[in-house]
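**Q** Below is start26.cif; it holds mmCIF, C-alpha atoms.
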```cif
data_work
loop_
_atom_site.label_atom_id
_atom_site.label_comp_id
_atom_site.auth_asym_id
_atom_site.auth_seq_id
_atom_site.Cartn_x
_atom_site.Cartn_y
_atom_site.Cartn_z
CA MET A 249 -6.73 10.00 -22.84
CA THR A 250 -7.34 8.98 -19.23
CA LYS A 251 -10.71 7.33 -18.65
CA LYS A 252 -12.42 7.99 -15.31
CA ALA A 253 -15.67 6.99 -13.61
CA MET A 254 -17.40 7.90 -10.35
CA ILE A 255 -20.35 6.66 -8.31
CA ARG A 256 -21.76 8.09 -5.09
CA LEU A 257 -24.10 6.41 -2.66
CA ARG A 258 -25.21 6.40 0.93
CA MET A 259 -24.23 3.56 3.20
CA SER A 260 -27.36 2.13 4.79
CA SER A 261 -27.96 0.25 8.00
CA HIS A 262 -27.97 -2.89 5.83
CA ASP A 263 -24.33 -2.15 4.94
CA ALA A 264 -23.35 -1.95 8.62
CA HIS A 265 -21.67 -5.19 9.58
CA TYR A 266 -20.05 -4.42 12.93
CA GLY A 267 -20.96 -2.75 16.21
CA GLY A 268 -21.45 1.00 16.15
CA ASN A 269 -22.88 0.84 12.60
CA LEU A 270 -19.41 0.26 11.13
CA VAL A 271 -19.50 -0.74 7.45
CA ASP A 272 -17.39 -3.71 6.31
CA GLY A 273 -14.37 -2.67 4.21
CA ALA A 274 -15.47 -5.17 1.57
CA LYS A 275 -18.26 -2.73 0.71
CA MET A 276 -15.63 -0.31 -0.65
CA LEU A 277 -14.27 -3.11 -2.84
CA GLN A 278 -17.78 -3.76 -4.13
CA LEU A 279 -18.02 -0.09 -5.11
CA PHE A 280 -14.62 -0.31 -6.82
CA GLY A 281 -15.89 -3.34 -8.75
CA ASP A 282 -18.85 -1.30 -10.01
CA VAL A 283 -16.55 1.58 -11.00
CA ALA A 284 -14.25 -0.89 -12.80
CA THR A 285 -17.21 -2.32 -14.71
CA GLU A 286 -18.23 1.16 -15.88
CA LEU A 287 -14.65 1.92 -16.93
CA LEU A 288 -14.44 -1.28 -18.96
CA ILE A 289 -17.76 -0.56 -20.67
CA ILE A 290 -16.55 2.97 -21.53
CA ASN A 291 -13.20 1.67 -22.76
CA ASP A 292 -14.14 -1.61 -24.42
CA GLY A 293 -17.91 -1.91 -24.68
CA ASP A 294 -17.79 -4.97 -22.39
CA GLU A 295 -17.96 -5.55 -18.63
CA GLY A 296 -14.78 -7.63 -18.56
CA LEU A 297 -13.57 -9.33 -15.40
CA PHE A 298 -11.69 -8.12 -12.33
CA ALA A 299 -8.53 -10.26 -12.17
CA ALA A 300 -6.70 -9.04 -9.05
CA TYR A 301 -6.04 -6.23 -6.63
CA ASP A 302 -2.38 -5.20 -6.36
CA ASP A 303 -2.88 -3.02 -3.29
CA ILE A 304 -5.70 -2.17 -0.90
CA GLN A 305 -5.45 0.39 1.89
CA PHE A 306 -8.27 0.98 4.38
CA LEU A 307 -7.60 4.47 5.71
CA ALA A 308 -10.65 5.58 7.72
CA PRO A 309 -13.85 4.03 9.09
CA VAL A 310 -17.14 4.15 7.18
CA TYR A 311 -20.47 4.16 9.03
CA ALA A 312 -24.11 3.72 8.08
CA GLY A 313 -25.39 7.09 6.90
CA ASP A 314 -22.09 8.19 5.34
CA PHE A 315 -22.16 9.18 1.67
CA ILE A 316 -19.27 7.60 -0.20
CA GLU A 317 -17.91 8.73 -3.55
CA ALA A 318 -15.93 6.00 -5.32
CA VAL A 319 -13.74 7.05 -8.22
CA GLY A 320 -11.49 5.12 -10.55
CA GLU A 321 -9.41 5.51 -13.63
CA ILE A 322 -7.65 3.33 -16.15
CA THR A 323 -3.93 4.01 -15.77
CA SER A 324 -2.59 1.67 -18.45
CA THR A 325 -3.96 -0.57 -21.17
CA GLY A 326 -2.45 -3.81 -22.47
CA ASN A 327 -3.75 -6.19 -25.12
CA SER A 328 -6.50 -7.42 -22.81
CA SER A 329 -5.50 -6.06 -19.39
CA ARG A 330 -6.55 -2.74 -17.92
CA LYS A 331 -4.68 -1.42 -14.87
CA MET A 332 -6.79 0.82 -12.67
CA THR A 333 -6.56 2.90 -9.51
CA PHE A 334 -9.46 3.58 -7.14
CA GLU A 335 -10.25 5.91 -4.26
CA ALA A 336 -13.29 6.02 -1.97
CA ARG A 337 -14.05 9.28 -0.17
CA LYS A 338 -16.51 10.12 2.56
CA VAL A 339 -18.28 13.31 1.41
CA ILE A 340 -21.31 13.59 3.74
CA VAL A 341 -21.66 12.44 7.35
CA PRO A 342 -24.76 12.07 9.53
CA ARG A 343 -25.00 14.30 12.63
CA PRO A 344 -27.10 12.33 15.14
CA ASP A 345 -25.75 14.63 17.88
CA ILE A 346 -27.94 17.38 16.39
CA SER A 347 -30.99 15.38 15.27
CA ASP A 348 -31.93 12.07 13.66
CA SER A 349 -31.99 13.67 10.20
CA ALA A 350 -29.09 16.16 10.42
CA ALA A 351 -26.06 15.72 8.15
CA ASP A 352 -23.05 17.74 7.04
CA VAL A 353 -21.31 18.00 3.69
CA LEU A 354 -17.61 17.77 4.47
CA GLU A 355 -15.49 20.72 3.32
CA GLU A 356 -12.70 18.26 2.55
CA PRO A 357 -13.66 14.68 1.69
CA ILE A 358 -12.05 11.98 3.85
CA VAL A 359 -10.25 9.30 1.86
CA VAL A 360 -11.44 6.02 3.38
CA CYS A 361 -9.91 3.49 0.97
CA LYS A 362 -7.41 3.34 -1.90
CA ALA A 363 -6.72 0.41 -4.19
CA SER A 364 -5.16 -0.59 -7.48
CA GLY A 365 -5.87 -3.61 -9.60
CA THR A 366 -6.09 -5.24 -12.97
CA CYS A 367 -9.12 -6.13 -15.05
CA VAL A 368 -9.21 -8.20 -18.21
CA VAL A 369 -11.36 -7.91 -21.33
CA PRO A 370 -10.79 -10.85 -23.70
CA LYS A 371 -9.88 -9.72 -27.22
CA SER A 372 -13.03 -11.39 -28.57
CA CYS A 373 -15.16 -9.13 -26.31
CA GLN A 374 -13.45 -5.81 -27.09
CA ARG A 375 -15.89 -3.86 -29.25
CA LYS A 376 -14.24 -0.43 -29.27
CA THR A 377 -11.13 0.65 -31.13
CA GLN A 378 -8.30 1.45 -28.72
CA LYS A 379 -6.73 4.89 -29.14
#
```
Now, as a test, write the supplied structure out as structure tokens.
**A**
Amino acid sequence: MTKKAMIRLRMSSHDAHYGGNLVDGAKMLQLFGDVATELLIINDGDEGLFAAYDDIQFLAPVYAGDFIEAVGEITSTGNSSRKMTFEARKVIVPRPDISDSAADVLEEPIVVCKASGTCVVPKSCQRKTQK
């Protein structure tokens, strides 16, 4: 059974790191870390540790005010390793051209980042029976 997790949140002005309210790509990796933690808790009953990213692709800009949906799934399970894939999608965008509070839900989400990586849960911390 594939295990999946998703979080959604709005990027704030505090997340903007560059001119034009551009959000640092590292914010997407922070979201992936949170998704990975949830996946490990679901799978093992423990937060585990993120060991490494195998691949990271930044595909579109993210700005303050954008709503980002970060999803992940465990793709393979070893004795203590958990391989995962992640995707971050922009699902709502602000519309300051209309008014300060206008926003649109996108008909098709925009994939802004993809990644894959490996997390580790030491055997001594695994509380759930693997199936």
**Q** Convert the output of the PyMOL selection byres ((chain A and resi 367) around 7) on the shown file into explicit residues, formatted as a PyMOL selection string.
**A** chain A and resi 296-299+329-331+365-366+368-369
**Q** Can you pull out the residues contacting A:Gly293? Cut-off 7 Å, using only C-alpha atoms, and skip same-chain residues under 4 positions away; I want them as a VMD selection string.
**A** chain A and resid 288 to 289 374 to 376
**Q** Just give me the gap between atom CA of A:Arg337 and atom CA of A:Asn269 in Å, one decimal is fine.
**A**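 We find that atom CA of A:Arg337 and atom CA of A:Asn269 lie 17.7 Å from each other.
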**Q** Compare A:Ala363, A:Met259, A:Ile346, A:Ala284 by their minimum atom-to-atom distance to A:Thr333, counting all atoms listed in the file, and give me the closest one.
**A**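 Looking only at the distances to A:Thr333, the closest residue turns out to be A:Ala363.
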**Q** What do you get, as number ranges by chain, if you spell out every residue that the PyMOL selection byres ((chain A and resi 286) around 12) selects here?
**A** A: 251-255, 279-285, 287-298, 318-322, 332, 367
**Q** Determine the nearest neighbour of A:Asp302 from the options A:Ser260, A:Ser324, A:Ser347, A:Ser364, counting only C-alpha atoms.
**A** A:Ser364
**Q** Here is a test: counting all atoms listed in the file, which residue of A:Arg343, A:Asp314, A:Lys371, A:Lys362 is nearest to A:Met276?
**A**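 For A:Met276, the nearest of the given residues is A:Lys362.
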**Q** Do you know which residues the PyMOL selection byres ((chain A and resi 315) around 7) returns on this file, as a list in words?
**A**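 Selection result, ordered by chain and number: Arg256, Leu257, Arg258, Met259, Gly313, Asp314, Ile316, Glu317, Lys338, Val339, Ile340 and Val341 of chain A.
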**Q** In Å, with one decimal, what is the gap from atom CA of A:Val360 to atom CA of A:Ala336?
**A**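 If I compute the distance from atom CA of A:Val360 to atom CA of A:Ala336, I get 5.7 Å.
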**Q** What does the distance from atom CA of A:Gln305 to atom CA of A:Ser328 come to in Å, to one decimal?
**A**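 Computing the Euclidean distance for atom CA of A:Gln305 and atom CA of A:Ser328 yields 25.9 Å.
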**Q** Enclose stretch 344-362 of chain A, meaning all of its atoms listed in the file, in a box aligned along x, y and z, pad it by 4 Å on each side, and list the centre and edge lengths in Å to one decimal, as JSON.
**A**
```
{"center_x": -19.7, "center_y": 12.0, "center_z": 8.0, "size_x": 32.6, "size_y": 25.4, "size_z": 27.8}
```
**Q** Go through A:Asp272, A:Asp263, A:Asp345, A:Glu335 and flag the residue nearest A:Ala312, using all atoms listed in the file for the distances.
**A**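 Between A:Asp272, A:Asp263, A:Asp345, A:Glu335, the residue approaching A:Ala312 most closely is A:Asp263.
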**Q** For A:Asp303, which of A:Pro342, A:Cys361, A:Val271, A:Asn327 is the closest residue, counting only C-alpha atoms?
**A** A:Cys361
**Q** Pick from A:Pro370, A:Pro309, A:Phe334, A:Thr325: nearest to A:Gly273, with all atoms listed in the file counted?
**A** A:Pro309
**Q** Could you add all heavy atoms to stretch 361-372 of chain A and give me the result as a short mmCIF file (atom, residue, chain, number, x, y, z; two decimals), in the frame of the given file?
**A**
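Saved to out00.cif:
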```
data_model
loop_
_atom_site.label_atom_id
_atom_site.label_comp_id
_atom_site.auth_asym_id
_atom_site.auth_seq_id
_atom_site.Cartn_x
_atom_site.Cartn_y
_atom_site.Cartn_z
N CYS A 361 -10.52 4.69 1.55
CA CYS A 361 -9.91 3.49 0.97
C CYS A 361 -9.26 3.85 -0.36
O CYS A 361 -9.79 4.66 -1.12
CB CYS A 361 -10.96 2.41 0.77
SG CYS A 361 -10.32 0.81 0.24
N LYS A 362 -8.09 3.24 -0.61
CA LYS A 362 -7.41 3.34 -1.90
C LYS A 362 -7.07 1.94 -2.35
O LYS A 362 -6.79 1.07 -1.53
CB LYS A 362 -6.11 4.14 -1.79
CG LYS A 362 -6.27 5.61 -1.56
CD LYS A 362 -4.91 6.27 -1.55
CE LYS A 362 -5.03 7.76 -1.41
NZ LYS A 362 -3.72 8.43 -1.52
N ALA A 363 -7.07 1.73 -3.66
CA ALA A 363 -6.72 0.41 -4.19
C ALA A 363 -6.23 0.55 -5.62
O ALA A 363 -6.47 1.56 -6.29
CB ALA A 363 -7.92 -0.53 -4.14
N SER A 364 -5.53 -0.48 -6.07
CA SER A 364 -5.16 -0.59 -7.48
C SER A 364 -5.34 -2.04 -7.88
O SER A 364 -5.24 -2.94 -7.03
CB SER A 364 -3.73 -0.12 -7.72
OG SER A 364 -2.82 -0.90 -6.97
N GLY A 365 -5.64 -2.25 -9.14
CA GLY A 365 -5.87 -3.61 -9.60
C GLY A 365 -5.87 -3.72 -11.10
O GLY A 365 -5.66 -2.73 -11.82
N THR A 366 -6.09 -4.94 -11.55
CA THR A 366 -6.09 -5.24 -12.97
C THR A 366 -7.37 -5.95 -13.37
O THR A 366 -7.79 -6.90 -12.70
CB THR A 366 -4.89 -6.14 -13.33
OG1 THR A 366 -3.69 -5.49 -12.89
CG2 THR A 366 -4.82 -6.41 -14.82
N CYS A 367 -7.96 -5.48 -14.45
CA CYS A 367 -9.12 -6.13 -15.05
C CYS A 367 -8.72 -6.65 -16.42
O CYS A 367 -7.73 -6.20 -17.01
CB CYS A 367 -10.27 -5.14 -15.19
SG CYS A 367 -10.93 -4.56 -13.62
N VAL A 368 -9.50 -7.59 -16.92
CA VAL A 368 -9.21 -8.20 -18.21
C VAL A 368 -10.48 -8.19 -19.07
O VAL A 368 -11.56 -8.52 -18.59
CB VAL A 368 -8.72 -9.65 -18.03
CG1 VAL A 368 -8.53 -10.35 -19.37
CG2 VAL A 368 -7.42 -9.67 -17.23
N VAL A 369 -10.30 -7.82 -20.33
CA VAL A 369 -11.36 -7.91 -21.33
C VAL A 369 -10.79 -8.77 -22.46
O VAL A 369 -9.89 -8.34 -23.17
CB VAL A 369 -11.78 -6.53 -21.87
CG1 VAL A 369 -12.89 -6.69 -22.91
CG2 VAL A 369 -12.24 -5.62 -20.74
N PRO A 370 -11.30 -10.00 -22.62
CA PRO A 370 -10.79 -10.85 -23.70
C PRO A 370 -10.89 -10.14 -25.05
O PRO A 370 -11.84 -9.39 -25.30
CB PRO A 370 -11.72 -12.08 -23.65
CG PRO A 370 -12.23 -12.10 -22.25
CD PRO A 370 -12.36 -10.66 -21.84
N LYS A 371 -9.91 -10.36 -25.90
CA LYS A 371 -9.88 -9.72 -27.22
C LYS A 371 -11.20 -9.90 -27.97
O LYS A 371 -11.69 -8.97 -28.62
CB LYS A 371 -8.75 -10.31 -28.06
CG LYS A 371 -7.40 -9.73 -27.76
CD LYS A 371 -7.29 -8.38 -28.36
CE LYS A 371 -5.85 -8.06 -28.73
NZ LYS A 371 -5.72 -6.67 -29.10
N SER A 372 -11.79 -11.10 -27.85
CA SER A 372 -13.03 -11.39 -28.57
C SER A 372 -14.21 -10.56 -28.07
O SER A 372 -15.23 -10.46 -28.75
CB SER A 372 -13.36 -12.88 -28.46
OG SER A 372 -13.58 -13.22 -27.10
#
```
